[in-house]
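Participant: This is run23.pdb, which holds PDB, C-alpha atoms:
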MODEL        1
ATOM      1  CA  MET O  26      13.752 174.341  -9.244
ATOM      2  CA  SER O  27      10.709 176.467 -10.169
ATOM      3  CA  ASP O  28       7.315 176.403 -11.811
ATOM      4  CA  PHE O  29       8.635 178.111 -14.929
ATOM      5  CA  GLU O  30       9.548 176.613 -18.295
ATOM      6  CA  PHE O  31      12.912 177.677 -19.707
ATOM      7  CA  ASP O  32      14.504 177.791 -23.135
ATOM      8  CA  ILE O  33      18.197 177.502 -22.320
ATOM      9  CA  ASP O  34      19.359 178.158 -25.874
ATOM     10  CA  ARG O  35      17.389 181.372 -26.232
ATOM     11  CA  GLU O  36      17.898 182.309 -22.558
ATOM     12  CA  THR O  37      14.198 182.896 -22.022
ATOM     13  CA  VAL O  38      11.492 181.919 -19.562
ATOM     14  CA  ARG O  39       7.841 181.238 -20.377
ATOM     15  CA  LEU O  40       5.506 183.464 -18.423
ATOM     16  CA  ASP O  41       1.780 183.681 -19.115
ATOM     17  CA  GLY O  42       2.231 182.014 -22.515
ATOM     18  CA  GLU O  43       5.029 184.306 -23.615
ATOM     19  CA  TRP O  44       8.798 183.713 -23.890
ATOM     20  CA  LEU O  45      10.696 186.528 -22.180
ATOM     21  CA  SER O  46      14.394 187.288 -21.789
ATOM     22  CA  ALA O  47      15.955 188.849 -18.708
ATOM     23  CA  ALA O  48      15.934 192.201 -20.523
ATOM     24  CA  ASP O  49      12.215 191.799 -21.339
ATOM     25  CA  LEU O  50      11.374 190.993 -17.721
ATOM     26  CA  THR O  51      13.482 193.868 -16.394
ATOM     27  CA  GLU O  52      11.761 196.305 -18.752
ATOM     28  CA  ARG O  53       8.298 195.075 -17.782
ATOM     29  CA  ILE O  54       9.119 195.434 -14.094
ATOM     30  CA  ARG O  55      10.464 198.946 -14.690
ATOM     31  CA  THR O  56       7.406 199.938 -16.744
ATOM     32  CA  LYS O  57       4.961 198.665 -14.114
ATOM     33  CA  ILE O  58       6.756 200.400 -11.260
ATOM     34  CA  GLN O  59       6.948 203.670 -13.184
ATOM     35  CA  ALA O  60       3.194 203.411 -13.770
ATOM     36  CA  GLY O  61       2.650 202.949 -10.029
ATOM     37  CA  ASP O  62       1.784 199.264 -10.334
ATOM     38  CA  PHE O  63       3.869 197.422  -7.773
ATOM     39  CA  ARG O  64       2.426 193.978  -8.501
ATOM     40  CA  VAL O  65       5.659 192.651  -9.971
ATOM     41  CA  SER O  66       6.289 189.573  -7.828
ATOM     42  CA  ARG O  67       5.589 187.086 -10.630
ATOM     43  CA  LEU O  68       7.807 188.994 -13.053
ATOM     44  CA  SER O  69      10.482 189.251 -10.387
ATOM     45  CA  SER O  70      10.268 185.543  -9.584
ATOM     46  CA  ALA O  71      10.591 184.654 -13.265
ATOM     47  CA  LEU O  72      13.598 186.942 -13.615
ATOM     48  CA  GLU O  73      15.270 185.488 -10.543
ATOM     49  CA  ALA O  74      14.607 181.907 -11.685
ATOM     50  CA  LEU O  75      15.979 182.620 -15.164
ATOM     51  CA  GLU O  76      19.096 184.350 -13.862
ATOM     52  CA  THR O  77      19.713 181.554 -11.340
ATOM     53  CA  LEU O  78      19.393 178.886 -14.027
ATOM     54  CA  LEU O  79      21.651 180.700 -16.484
ATOM     55  CA  ALA O  80      24.299 181.250 -13.815
ATOM     56  CA  ARG O  81      24.358 177.527 -12.990
ATOM     57  CA  LEU O  82      24.646 176.217 -16.556
ATOM     58  CA  GLU O  83      27.799 174.409 -17.571
ATOM     59  CA  SER O  84      29.080 173.747 -21.071
ATOM     60  CA  VAL O  85      30.416 170.405 -22.166
ATOM     61  CA  ALA O  86      32.370 169.728 -25.347
ATOM     62  CA  VAL O  87      31.349 166.511 -27.064
ATOM     63  CA  ARG O  88      32.999 164.917 -30.063
ATOM     64  CA  ILE O  89      30.403 163.234 -32.261
ATOM     65  CA  PRO O  90      30.807 161.406 -35.567
ATOM     66  CA  PRO O  91      29.376 163.506 -38.425
ATOM     67  CA  GLU O  92      26.663 160.974 -39.284
ATOM     68  CA  VAL O  93      25.383 160.935 -35.686
ATOM     69  CA  LEU O  94      25.366 164.730 -35.492
ATOM     70  CA  ASP O  95      23.615 164.858 -38.871
ATOM     71  CA  THR O  96      20.852 162.657 -37.447
ATOM     72  CA  TYR O  97      20.404 164.984 -34.473
ATOM     73  CA  ARG O  98      20.389 167.990 -36.805
ATOM     74  CA  LYS O  99      17.613 166.393 -38.888
ATOM     75  CA  ILE O 100      15.545 165.788 -35.770
ATOM     76  CA  ALA O 101      16.172 169.355 -34.593
ATOM     77  CA  HIS O 102      15.193 170.750 -37.990
ATOM     78  CA  PHE O 103      11.990 168.691 -38.008
ATOM     79  CA  GLU O 104      11.136 169.858 -34.474
ATOM     80  CA  GLU O 105      12.187 173.456 -35.245
ATOM     81  CA  ALA O 106      14.424 173.321 -32.182
ATOM     82  CA  PRO O 107      18.124 173.965 -31.612
ATOM     83  CA  VAL O 108      20.249 170.832 -31.964
ATOM     84  CA  THR O 109      21.582 171.456 -28.452
ATOM     85  CA  GLN O 110      18.047 171.036 -27.099
ATOM     86  CA  VAL O 111      17.688 167.679 -28.861
ATOM     87  CA  LEU O 112      21.070 166.556 -27.522
ATOM     88  CA  ARG O 113      20.103 167.556 -23.963
ATOM     89  CA  ARG O 114      16.892 165.524 -24.255
ATOM     90  CA  ALA O 115      18.924 162.534 -25.456
ATOM     91  CA  LEU O 116      21.159 162.834 -22.395
ATOM     92  CA  VAL O 117      18.169 163.044 -20.058
ATOM     93  CA  HIS O 118      16.607 160.050 -21.809
ATOM     94  CA  TYR O 119      19.790 158.043 -21.249
ATOM     95  CA  LEU O 120      19.733 158.913 -17.547
ATOM     96  CA  ALA O 121      16.308 157.258 -17.304
ATOM     97  CA  THR O 122      17.588 153.940 -18.657
ATOM     98  CA  GLU O 123      18.421 150.861 -16.627
ATOM     99  CA  GLU O 124      21.992 150.982 -17.967
ATOM    100  CA  ALA O 125      22.539 154.475 -16.578
ATOM    101  CA  ALA O 126      20.977 153.531 -13.246
ATOM    102  CA  THR O 127      23.279 150.519 -12.990
ATOM    103  CA  ARG O 128      26.365 152.557 -13.822
ATOM    104  CA  LEU O 129      25.395 155.264 -11.336
ATOM    105  CA  PHE O 130      24.846 152.648  -8.630
ATOM    106  CA  GLU O 131      28.262 151.113  -9.358
ATOM    107  CA  ALA O 132      29.946 154.516  -9.378
ATOM    108  CA  ASN O 133      28.367 155.474  -6.053
ATOM    109  CA  ARG O 134      29.282 152.135  -4.498
ATOM    110  CA  THR O 135      32.913 152.459  -5.657
ATOM    111  CA  ARG O 136      33.113 156.059  -4.454
ATOM    112  CA  SER O 137      31.777 155.160  -0.998
ATOM    113  CA  GLY O 138      34.400 152.443  -0.519
ATOM    114  CA  GLY O 139      32.407 149.378  -1.509
ATOM    115  CA  SER O 140      33.742 146.624  -3.711
ATOM    116  CA  PRO O 141      33.496 147.281  -7.443
TER
ENDMDL
END
Any chance you could put this one into structure tokens?
Facilitator:
Amino acid sequence: MSDFEFDIDRETVRLDGEWLSAADLTERIRTKIQAGDFRVSRLSSALEALETLLARLESVAVRIPPEVLDTYRKIAHFEEAPVTQVLRRALVHYLATEEAATRLFEANRTRSGGSP
């Protein structure tokens, strides 16, 4: 999607080692332009990438047994990260497994009219 790193939970983008929100980026662009500095393409690109990502996000409700959620919360606390970030990483990890690849292959084959 882009060369930027995003924090979905905090709705920020990392630019030059700093985490910035859309409001931060907008203010920096405004400040530079008011000062006569029109070199704002990197700031503008970061803002556009962040806004595009945030507009495309979808929420999913998941029901999880308390003991499983407690485990994810402990990991999140240890990593000083939001639990939603840890859960997203777990989902991405699952997608990289052979089981997920097999299920995706079967789903695609069934959808395209092949035999299940």
Participant: Which residues, written as a compact mmCIF listing (two decimals) with C-alpha atoms, keeping the file's coordinate frame, have at least one atom at most 10 Å from Ala106 (chain O), with all atoms listed in the file counted and residues fewer than 6 positions away on the same chain left out?
Facilitator:
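The result, written out as out22.txt:
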# COMPACT_ATOMS: atom_id res chain seq x y z
CA ASP O 34 19.36 178.16 -25.87
CA ARG O 98 20.39 167.99 -36.80
CA ILE O 100 15.54 165.79 -35.77
Participant: Compile the contact shell of Asp49 (chain O) as a PyMOL selection string: residues with an atom at most 12 Å away, counting all atoms listed in the file, same-chain residues fewer than 6 positions apart removed.
Facilitator: chain O and resi 36-40+43+55-56+68-69+71-72+75
Participant: Residues at most 10 Å from region 109-126 of chain O, counting only C-alpha atoms, excluding those fewer than 3 positions away in the same chain, as a PyMOL selection string?
Facilitator: chain O and resi 32-34+94+97-98+100-102+104+106+129-132
Participant: What is the CA of Val93 (chain O) to CA of Val108 (chain O) distance in Å?
Facilitator: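 We find that CA of Val93 (chain O) and CA of Val108 (chain O) lie 11.8 Å from each other.
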Participant: When the PyMOL selection byres ((chain O and resi 54) around 10) is applied to the structure above, which residues does it catch, written out as a list in words?
Facilitator: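 That selection, the PyMOL selection byres ((chain O and resi 54) around 10), comes back as Ala48, Asp49, Leu50, Thr51, Glu52, Arg53, Arg55, Thr56, Lys57, Ile58, Gln59, Ala60, Asp62, Phe63, Arg64, Val65, Ser66, Arg67, Leu68, Ser69 and Leu72 of chain O.
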Participant: CA of Leu79 (chain O) and CA of Thr96 (chain O), how far apart in Å?
Facilitator: 27.7 Å
Participant: Tell me, in Å to one decimal, how far CA of Ser46 (chain O) is from CA of Ser70 (chain O).
Facilitator: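 Distance reported for this atom pair: 13.0 Å.
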Participant: Select, from O:Glu76, O:Glu83, O:Glu30, O:Asp95, the residue with the minimum atom-to-atom distance to Trp44 (chain O), counting all atoms listed in the file.
Facilitator: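 With all atoms listed in the file as the atom set, the closest residue is O:Glu30.
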Participant: May I ask you to restore all heavy atoms in region 28-39 of chain O and write the result as a PDB file, keeping the file's coordinate frame?
Facilitator:
ATOM      1  N   ASP O  28       8.500 176.763 -11.037  1.00  0.00           N
ATOM      2  CA  ASP O  28       7.315 176.403 -11.811  1.00  0.00           C
ATOM      3  C   ASP O  28       7.376 176.955 -13.225  1.00  0.00           C
ATOM      4  O   ASP O  28       6.387 176.903 -13.945  1.00  0.00           O
ATOM      5  CB  ASP O  28       6.062 176.944 -11.115  1.00  0.00           C
ATOM      6  CG  ASP O  28       5.834 176.279  -9.771  1.00  0.00           C
ATOM      7  OD1 ASP O  28       6.241 175.119  -9.609  1.00  0.00           O
ATOM      8  OD2 ASP O  28       5.259 176.935  -8.889  1.00  0.00           O
ATOM      9  N   PHE O  29       8.504 177.490 -13.620  1.00  0.00           N
ATOM     10  CA  PHE O  29       8.635 178.111 -14.929  1.00  0.00           C
ATOM     11  C   PHE O  29       9.244 177.145 -15.933  1.00  0.00           C
ATOM     12  O   PHE O  29       9.981 176.233 -15.578  1.00  0.00           O
ATOM     13  CB  PHE O  29       9.513 179.365 -14.838  1.00  0.00           C
ATOM     14  CG  PHE O  29       8.950 180.428 -13.939  1.00  0.00           C
ATOM     15  CD1 PHE O  29       9.516 180.680 -12.710  1.00  0.00           C
ATOM     16  CD2 PHE O  29       7.845 181.167 -14.324  1.00  0.00           C
ATOM     17  CE1 PHE O  29       9.003 181.655 -11.869  1.00  0.00           C
ATOM     18  CE2 PHE O  29       7.317 182.143 -13.504  1.00  0.00           C
ATOM     19  CZ  PHE O  29       7.895 182.389 -12.270  1.00  0.00           C
ATOM     20  N   GLU O  30       8.949 177.372 -17.193  1.00  0.00           N
ATOM     21  CA  GLU O  30       9.548 176.613 -18.295  1.00  0.00           C
ATOM     22  C   GLU O  30      10.631 177.507 -18.907  1.00  0.00           C
ATOM     23  O   GLU O  30      10.423 178.702 -19.097  1.00  0.00           O
ATOM     24  CB  GLU O  30       8.475 176.296 -19.330  1.00  0.00           C
ATOM     25  CG  GLU O  30       8.960 175.496 -20.504  1.00  0.00           C
ATOM     26  CD  GLU O  30       7.848 175.230 -21.518  1.00  0.00           C
ATOM     27  OE1 GLU O  30       6.674 175.555 -21.247  1.00  0.00           O
ATOM     28  OE2 GLU O  30       8.183 174.713 -22.582  1.00  0.00           O
ATOM     29  N   PHE O  31      11.778 176.911 -19.207  1.00  0.00           N
ATOM     30  CA  PHE O  31      12.912 177.677 -19.707  1.00  0.00           C
ATOM     31  C   PHE O  31      13.333 177.202 -21.089  1.00  0.00           C
ATOM     32  O   PHE O  31      13.212 176.021 -21.405  1.00  0.00           O
ATOM     33  CB  PHE O  31      14.117 177.537 -18.772  1.00  0.00           C
ATOM     34  CG  PHE O  31      13.840 178.011 -17.376  1.00  0.00           C
ATOM     35  CD1 PHE O  31      13.475 177.107 -16.388  1.00  0.00           C
ATOM     36  CD2 PHE O  31      13.933 179.344 -17.049  1.00  0.00           C
ATOM     37  CE1 PHE O  31      13.204 177.528 -15.108  1.00  0.00           C
ATOM     38  CE2 PHE O  31      13.663 179.778 -15.761  1.00  0.00           C
ATOM     39  CZ  PHE O  31      13.306 178.873 -14.785  1.00  0.00           C
ATOM     40  N   ASP O  32      13.846 178.114 -21.871  1.00  0.00           N
ATOM     41  CA  ASP O  32      14.504 177.791 -23.135  1.00  0.00           C
ATOM     42  C   ASP O  32      15.960 178.205 -22.932  1.00  0.00           C
ATOM     43  O   ASP O  32      16.288 179.394 -22.997  1.00  0.00           O
ATOM     44  CB  ASP O  32      13.869 178.545 -24.300  1.00  0.00           C
ATOM     45  CG  ASP O  32      14.486 178.176 -25.643  1.00  0.00           C
ATOM     46  OD1 ASP O  32      15.697 177.853 -25.690  1.00  0.00           O
ATOM     47  OD2 ASP O  32      13.765 178.236 -26.649  1.00  0.00           O
ATOM     48  N   ILE O  33      16.804 177.228 -22.643  1.00  0.00           N
ATOM     49  CA  ILE O  33      18.197 177.502 -22.320  1.00  0.00           C
ATOM     50  C   ILE O  33      18.920 178.142 -23.497  1.00  0.00           C
ATOM     51  O   ILE O  33      19.710 179.075 -23.324  1.00  0.00           O
ATOM     52  CB  ILE O  33      18.913 176.206 -21.881  1.00  0.00           C
ATOM     53  CG1 ILE O  33      18.324 175.720 -20.549  1.00  0.00           C
ATOM     54  CG2 ILE O  33      20.415 176.408 -21.769  1.00  0.00           C
ATOM     55  CD1 ILE O  33      18.803 174.340 -20.144  1.00  0.00           C
ATOM     56  N   ASP O  34      18.654 177.659 -24.696  1.00  0.00           N
ATOM     57  CA  ASP O  34      19.359 178.158 -25.874  1.00  0.00           C
ATOM     58  C   ASP O  34      19.032 179.617 -26.174  1.00  0.00           C
ATOM     59  O   ASP O  34      19.899 180.377 -26.583  1.00  0.00           O
ATOM     60  CB  ASP O  34      19.046 177.293 -27.093  1.00  0.00           C
ATOM     61  CG  ASP O  34      19.502 175.870 -26.880  1.00  0.00           C
ATOM     62  OD1 ASP O  34      20.731 175.668 -26.786  1.00  0.00           O
ATOM     63  OD2 ASP O  34      18.655 174.970 -26.766  1.00  0.00           O
ATOM     64  N   ARG O  35      17.802 179.984 -25.962  1.00  0.00           N
ATOM     65  CA  ARG O  35      17.389 181.372 -26.232  1.00  0.00           C
ATOM     66  C   ARG O  35      17.448 182.250 -24.976  1.00  0.00           C
ATOM     67  O   ARG O  35      17.143 183.426 -25.031  1.00  0.00           O
ATOM     68  CB  ARG O  35      15.994 181.374 -26.829  1.00  0.00           C
ATOM     69  CG  ARG O  35      15.971 180.729 -28.210  1.00  0.00           C
ATOM     70  CD  ARG O  35      14.563 180.693 -28.800  1.00  0.00           C
ATOM     71  NE  ARG O  35      14.567 180.047 -30.091  1.00  0.00           N
ATOM     72  CZ  ARG O  35      14.355 178.750 -30.293  1.00  0.00           C
ATOM     73  NH1 ARG O  35      14.112 177.949 -29.280  1.00  0.00           N
ATOM     74  NH2 ARG O  35      14.379 178.240 -31.506  1.00  0.00           N
ATOM     75  N   GLU O  36      17.799 181.626 -23.853  1.00  0.00           N
ATOM     76  CA  GLU O  36      17.898 182.309 -22.558  1.00  0.00           C
ATOM     77  C   GLU O  36      16.616 183.071 -22.242  1.00  0.00           C
ATOM     78  O   GLU O  36      16.612 184.263 -21.946  1.00  0.00           O
ATOM     79  CB  GLU O  36      19.120 183.235 -22.532  1.00  0.00           C
ATOM     80  CG  GLU O  36      20.428 182.474 -22.676  1.00  0.00           C
ATOM     81  CD  GLU O  36      21.657 183.328 -22.484  1.00  0.00           C
ATOM     82  OE1 GLU O  36      21.539 184.558 -22.281  1.00  0.00           O
ATOM     83  OE2 GLU O  36      22.764 182.752 -22.529  1.00  0.00           O
ATOM     84  N   THR O  37      15.506 182.318 -22.296  1.00  0.00           N
ATOM     85  CA  THR O  37      14.198 182.896 -22.022  1.00  0.00           C
ATOM     86  C   THR O  37      13.421 182.017 -21.050  1.00  0.00           C
ATOM     87  O   THR O  37      13.738 180.844 -20.848  1.00  0.00           O
ATOM     88  CB  THR O  37      13.371 183.059 -23.321  1.00  0.00           C
ATOM     89  OG1 THR O  37      13.251 181.794 -23.969  1.00  0.00           O
ATOM     90  CG2 THR O  37      14.009 184.067 -24.270  1.00  0.00           C
ATOM     91  N   VAL O  38      12.385 182.619 -20.469  1.00  0.00           N
ATOM     92  CA  VAL O  38      11.492 181.919 -19.562  1.00  0.00           C
ATOM     93  C   VAL O  38      10.068 182.144 -20.076  1.00  0.00           C
ATOM     94  O   VAL O  38       9.741 183.220 -20.584  1.00  0.00           O
ATOM     95  CB  VAL O  38      11.650 182.417 -18.101  1.00  0.00           C
ATOM     96  CG1 VAL O  38      11.365 183.900 -17.976  1.00  0.00           C
ATOM     97  CG2 VAL O  38      10.772 181.619 -17.145  1.00  0.00           C
ATOM     98  N   ARG O  39       9.237 181.117 -19.928  1.00  0.00           N
ATOM     99  CA  ARG O  39       7.841 181.238 -20.377  1.00  0.00           C
ATOM    100  C   ARG O  39       7.002 181.742 -19.212  1.00  0.00           C
ATOM    101  O   ARG O  39       6.950 181.127 -18.150  1.00  0.00           O
ATOM    102  CB  ARG O  39       7.339 179.891 -20.874  1.00  0.00           C
ATOM    103  CG  ARG O  39       5.994 179.983 -21.522  1.00  0.00           C
ATOM    104  CD  ARG O  39       5.607 178.631 -22.097  1.00  0.00           C
ATOM    105  NE  ARG O  39       4.288 178.702 -22.659  1.00  0.00           N
ATOM    106  CZ  ARG O  39       4.034 178.607 -23.943  1.00  0.00           C
ATOM    107  NH1 ARG O  39       5.005 178.400 -24.792  1.00  0.00           N
ATOM    108  NH2 ARG O  39       2.807 178.697 -24.383  1.00  0.00           N
TER     109      ARG O  39
END
